[in-house]
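For reference, upload32.pdb (PDB, C-alpha atoms):
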```pdb
ATOM      1  CA  MET A  23     153.063   6.617  99.879  1.00  0.00           C
ATOM      2  CA  SER A  24     151.801   7.626  96.479  1.00  0.00           C
ATOM      3  CA  LYS A  25     153.773   8.102  93.270  1.00  0.00           C
ATOM      4  CA  GLU A  26     152.425   9.871  90.218  1.00  0.00           C
ATOM      5  CA  LEU A  27     153.536  11.606  87.045  1.00  0.00           C
ATOM      6  CA  GLU A  28     152.461  15.241  86.909  1.00  0.00           C
ATOM      7  CA  THR A  29     152.505  17.237  83.701  1.00  0.00           C
ATOM      8  CA  GLU A  30     151.818  20.911  84.237  1.00  0.00           C
ATOM      9  CA  LEU A  31     152.505  24.400  82.957  1.00  0.00           C
ATOM     10  CA  THR A  32     152.523  27.424  85.280  1.00  0.00           C
ATOM     11  CA  PHE A  33     151.904  31.028  84.266  1.00  0.00           C
ATOM     12  CA  LEU A  34     152.218  34.371  86.034  1.00  0.00           C
ATOM     13  CA  CYS A  35     148.924  36.299  86.125  1.00  0.00           C
ATOM     14  CA  ALA A  36     148.747  40.064  85.712  1.00  0.00           C
ATOM     15  CA  SER A  37     145.389  40.089  87.530  1.00  0.00           C
ATOM     16  CA  LEU A  38     143.031  37.722  89.334  1.00  0.00           C
ATOM     17  CA  PRO A  39     141.179  35.430  86.905  1.00  0.00           C
ATOM     18  CA  VAL A  40     137.431  36.106  86.934  1.00  0.00           C
ATOM     19  CA  GLU A  41     136.843  32.355  87.284  1.00  0.00           C
ATOM     20  CA  ILE A  42     137.672  32.528  91.015  1.00  0.00           C
ATOM     21  CA  ASN A  43     134.895  35.030  91.796  1.00  0.00           C
ATOM     22  CA  GLY A  44     132.565  33.640  94.462  1.00  0.00           C
ATOM     23  CA  LEU A  45     134.680  30.545  95.142  1.00  0.00           C
ATOM     24  CA  ILE A  46     136.037  29.562  98.554  1.00  0.00           C
ATOM     25  CA  PRO A  47     139.782  28.894  98.417  1.00  0.00           C
ATOM     26  CA  ILE A  48     141.811  26.176 100.082  1.00  0.00           C
ATOM     27  CA  ARG A  49     144.575  27.582 102.341  1.00  0.00           C
ATOM     28  CA  ILE A  50     147.949  25.907 101.720  1.00  0.00           C
ATOM     29  CA  GLU A  51     151.172  26.313 103.676  1.00  0.00           C
ATOM     30  CA  ASP A  52     154.308  24.978 101.964  1.00  0.00           C
ATOM     31  CA  ILE A  53     157.767  24.648 103.488  1.00  0.00           C
ATOM     32  CA  TYR A  54     160.718  23.863 101.220  1.00  0.00           C
ATOM     33  CA  ILE A  55     163.662  21.728 102.324  1.00  0.00           C
ATOM     34  CA  PRO A  56     166.553  22.434 102.138  1.00  0.00           C
ATOM     35  CA  GLU A  57     166.026  26.174 102.212  1.00  0.00           C
ATOM     36  CA  LYS A  58     169.306  27.067 100.449  1.00  0.00           C
ATOM     37  CA  HIS A  59     168.372  25.568  97.031  1.00  0.00           C
ATOM     38  CA  ASP A  60     166.815  27.520  94.147  1.00  0.00           C
ATOM     39  CA  PHE A  61     164.450  24.584  93.630  1.00  0.00           C
ATOM     40  CA  SER A  62     164.143  22.638  96.864  1.00  0.00           C
ATOM     41  CA  PRO A  63     163.586  18.930  96.196  1.00  0.00           C
ATOM     42  CA  LEU A  64     161.334  18.409  99.244  1.00  0.00           C
ATOM     43  CA  ARG A  65     158.049  20.137  99.996  1.00  0.00           C
ATOM     44  CA  LEU A  66     156.289  19.896 103.341  1.00  0.00           C
ATOM     45  CA  ARG A  67     152.601  20.838 102.975  1.00  0.00           C
ATOM     46  CA  LYS A  68     149.753  21.641 105.326  1.00  0.00           C
ATOM     47  CA  GLN A  69     146.363  21.786 103.627  1.00  0.00           C
ATOM     48  CA  GLY A  70     143.543  21.992 106.167  1.00  0.00           C
ATOM     49  CA  ASN A  71     144.082  19.030 108.494  1.00  0.00           C
ATOM     50  CA  THR A  72     146.156  17.141 105.919  1.00  0.00           C
ATOM     51  CA  TYR A  73     149.957  16.983 106.185  1.00  0.00           C
ATOM     52  CA  VAL A  74     152.280  15.528 103.527  1.00  0.00           C
ATOM     53  CA  LEU A  75     155.924  15.423 102.495  1.00  0.00           C
ATOM     54  CA  THR A  76     156.517  15.423  98.726  1.00  0.00           C
ATOM     55  CA  ARG A  77     159.638  14.845  96.636  1.00  0.00           C
ATOM     56  CA  LYS A  78     159.506  16.144  93.058  1.00  0.00           C
ATOM     57  CA  MET A  79     161.893  14.607  90.519  1.00  0.00           C
ATOM     58  CA  PRO A  80     161.919  15.905  86.920  1.00  0.00           C
ATOM     59  CA  VAL A  81     161.411  13.442  84.076  1.00  0.00           C
ATOM     60  CA  LEU A  82     163.928  15.458  82.024  1.00  0.00           C
ATOM     61  CA  ASN A  83     166.858  16.917  83.928  1.00  0.00           C
ATOM     62  CA  GLY A  84     166.082  20.504  84.962  1.00  0.00           C
ATOM     63  CA  ASP A  85     162.564  20.616  83.405  1.00  0.00           C
ATOM     64  CA  TYR A  86     159.940  20.428  86.139  1.00  0.00           C
ATOM     65  CA  SER A  87     156.960  20.765  83.762  1.00  0.00           C
ATOM     66  CA  ALA A  88     156.860  16.946  83.854  1.00  0.00           C
ATOM     67  CA  HIS A  89     157.925  15.351  87.092  1.00  0.00           C
ATOM     68  CA  ILE A  90     157.396  12.345  89.306  1.00  0.00           C
ATOM     69  CA  GLU A  91     155.941  13.144  92.720  1.00  0.00           C
ATOM     70  CA  HIS A  92     156.473  10.851  95.682  1.00  0.00           C
ATOM     71  CA  THR A  93     154.098  11.859  98.481  1.00  0.00           C
ATOM     72  CA  ILE A  94     154.071  10.551 102.045  1.00  0.00           C
ATOM     73  CA  PRO A  95     151.163  11.321 104.391  1.00  0.00           C
ATOM     74  CA  LEU A  96     152.237  12.609 107.810  1.00  0.00           C
ATOM     75  CA  GLU A  97     150.738  12.998 111.251  1.00  0.00           C
ATOM     76  CA  LYS A  98     150.520  16.565 112.602  1.00  0.00           C
ATOM     77  CA  ASP A  99     153.239  16.037 115.232  1.00  0.00           C
ATOM     78  CA  ILE A 100     155.662  14.667 112.608  1.00  0.00           C
ATOM     79  CA  TYR A 101     154.851  17.642 110.360  1.00  0.00           C
ATOM     80  CA  ASN A 102     155.587  20.036 113.226  1.00  0.00           C
ATOM     81  CA  ASP A 103     158.932  18.321 113.915  1.00  0.00           C
ATOM     82  CA  ILE A 104     160.016  18.422 110.255  1.00  0.00           C
ATOM     83  CA  LYS A 105     158.955  22.037 109.619  1.00  0.00           C
ATOM     84  CA  ARG A 106     161.658  23.253 111.990  1.00  0.00           C
ATOM     85  CA  LEU A 107     164.259  22.234 109.371  1.00  0.00           C
ATOM     86  CA  SER A 108     163.532  25.212 107.105  1.00  0.00           C
ATOM     87  CA  ASN A 109     162.307  28.790 107.153  1.00  0.00           C
ATOM     88  CA  LYS A 110     161.706  28.836 103.384  1.00  0.00           C
ATOM     89  CA  SER A 111     157.919  28.867 103.211  1.00  0.00           C
ATOM     90  CA  VAL A 112     154.911  30.247 101.362  1.00  0.00           C
ATOM     91  CA  VAL A 113     151.250  30.625 102.233  1.00  0.00           C
ATOM     92  CA  LYS A 114     148.680  30.727  99.455  1.00  0.00           C
ATOM     93  CA  ASP A 115     144.994  30.411  98.762  1.00  0.00           C
ATOM     94  CA  ARG A 116     144.246  27.908  96.011  1.00  0.00           C
ATOM     95  CA  TYR A 117     141.199  28.017  93.792  1.00  0.00           C
ATOM     96  CA  GLU A 118     140.327  25.011  91.620  1.00  0.00           C
ATOM     97  CA  VAL A 119     138.662  26.207  88.421  1.00  0.00           C
ATOM     98  CA  ALA A 120     138.220  25.537  84.720  1.00  0.00           C
ATOM     99  CA  ILE A 121     139.775  28.112  82.387  1.00  0.00           C
ATOM    100  CA  ASP A 122     139.117  27.797  78.654  1.00  0.00           C
ATOM    101  CA  GLY A 123     138.053  24.176  79.205  1.00  0.00           C
ATOM    102  CA  TYR A 124     141.211  23.174  81.131  1.00  0.00           C
ATOM    103  CA  ASN A 125     141.403  22.270  84.821  1.00  0.00           C
ATOM    104  CA  ALA A 126     143.520  24.836  86.626  1.00  0.00           C
ATOM    105  CA  HIS A 127     144.783  25.815  90.056  1.00  0.00           C
ATOM    106  CA  VAL A 128     144.866  29.535  90.721  1.00  0.00           C
ATOM    107  CA  ASP A 129     147.274  30.290  93.575  1.00  0.00           C
ATOM    108  CA  VAL A 130     146.966  33.664  95.279  1.00  0.00           C
ATOM    109  CA  PHE A 131     150.005  34.134  97.503  1.00  0.00           C
ATOM    110  CA  LEU A 132     149.880  35.796 100.923  1.00  0.00           C
ATOM    111  CA  GLU A 133     152.351  37.261 103.423  1.00  0.00           C
ATOM    112  CA  GLU A 134     155.794  38.047 101.889  1.00  0.00           C
ATOM    113  CA  LEU A 135     154.600  37.117  98.382  1.00  0.00           C
ATOM    114  CA  SER A 136     151.315  39.033  98.609  1.00  0.00           C
ATOM    115  CA  GLY A 137     150.236  40.141  95.145  1.00  0.00           C
ATOM    116  CA  LEU A 138     151.741  37.156  93.338  1.00  0.00           C
ATOM    117  CA  VAL A 139     149.162  35.130  91.388  1.00  0.00           C
ATOM    118  CA  LEU A 140     150.056  31.967  89.469  1.00  0.00           C
ATOM    119  CA  VAL A 141     147.840  29.720  87.396  1.00  0.00           C
ATOM    120  CA  GLU A 142     148.836  26.098  86.888  1.00  0.00           C
ATOM    121  CA  PHE A 143     147.312  23.887  84.207  1.00  0.00           C
ATOM    122  CA  GLU A 144     147.625  20.120  84.572  1.00  0.00           C
ATOM    123  CA  PHE A 145     147.565  17.818  81.566  1.00  0.00           C
ATOM    124  CA  PRO A 146     146.945  14.068  81.303  1.00  0.00           C
ATOM    125  CA  SER A 147     150.182  13.545  79.353  1.00  0.00           C
ATOM    126  CA  ILE A 148     153.281  15.306  78.040  1.00  0.00           C
ATOM    127  CA  GLU A 149     151.870  15.099  74.498  1.00  0.00           C
ATOM    128  CA  GLU A 150     148.785  17.126  75.485  1.00  0.00           C
ATOM    129  CA  MET A 151     150.768  20.016  76.992  1.00  0.00           C
TER     130      MET A 151
END
```

Could the structure of this file be written out as structure tokens, please?
Amino acid sequence: MSKELETELTFLCASLPVEINGLIPIRIEDIYIPEKHDFSPLRLRKQGNTYVLTRKMPVLNGDYSAHIEHTIPLEKDIYNDIKRLSNKSVVKDRYEVAIDGYNAHVDVFLEELSGLVLVEFEFPSIEEM
């Protein structure tokens, strides 16, 4: 199990950033548990042949721009058993790029959220956000 502090800001994009042109994305499938919460505290993720369960806990109550992530690696059969607990899911293609000198993830959503594009910037500390 890993535990890390993540500091990030996420923005809605009006169009696809040019920085993703020519890049091959990583396909990510996320399932959120429990499905009846606005912000589900557990995320089940499939990324290629990697399966993990992550719990996000905000550093400041209600502000998820800085949060502690507890991540547990899973075997595929365990992932398949757990994913039956929720139908709240998203599929997205992730591009890892630099935008204006900052490392960023550009997420292009598919299926029900097709057309949604988010860009997430990660920072080394809260002070640098």

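Taken over the shown file, the PyMOL selection byres ((chain A and resi 95-97) around 7) identifies Met23, Tyr73, Val74, Leu75, Thr93, Ile94, Lys98, Asp99, Ile100 and Tyr101 of chain A.
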
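The residue that comes closest to A:Phe143, out of A:Phe33, A:Phe61, A:Tyr54, A:Tyr117 and on the basis of all atoms listed in the file, is A:Phe33.
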
Subject >> Result set of the PyMOL selection byres ((chain A and resi 115) around 12) on the coordinates above, as an MDAnalysis selection string >> reply: chainID A and resid 42 45:52 68:70 112:114 116:118 127:133 135:141

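If all atoms listed in the file are the atoms counted, then among A:Ile104, A:Ile90, A:Leu31, A:Val81 the closest residue to A:Ile55 is A:Ile104.
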
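Each of A:Glu134, A:Ser24, A:Asp103, A:Glu30 was checked against A:Thr76 using only C-alpha atoms; the smallest atom-to-atom distance is that of A:Ser24.
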
Subject >> Gap from atom CA of A:Met79 to atom CA of A:Glu144 - Å, one decimal >> reply: 16.4 Å

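Take the PyMOL selection byres ((chain A and resi 110) around 7) and apply it to this file: it picks A:Ile53, A:Tyr54, A:Glu57, A:Ser108, A:Asn109, A:Ser111.
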
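In this structure, atom CA of A:Leu82 sits 27.3 Å away from atom CA of A:Ile121.
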
Subject >> Pick from A:Leu66, A:Leu107, A:Ala120, A:Ala88, whichever lies nearest to A:Glu26 using all atoms listed in the file >> reply: A:Ala88
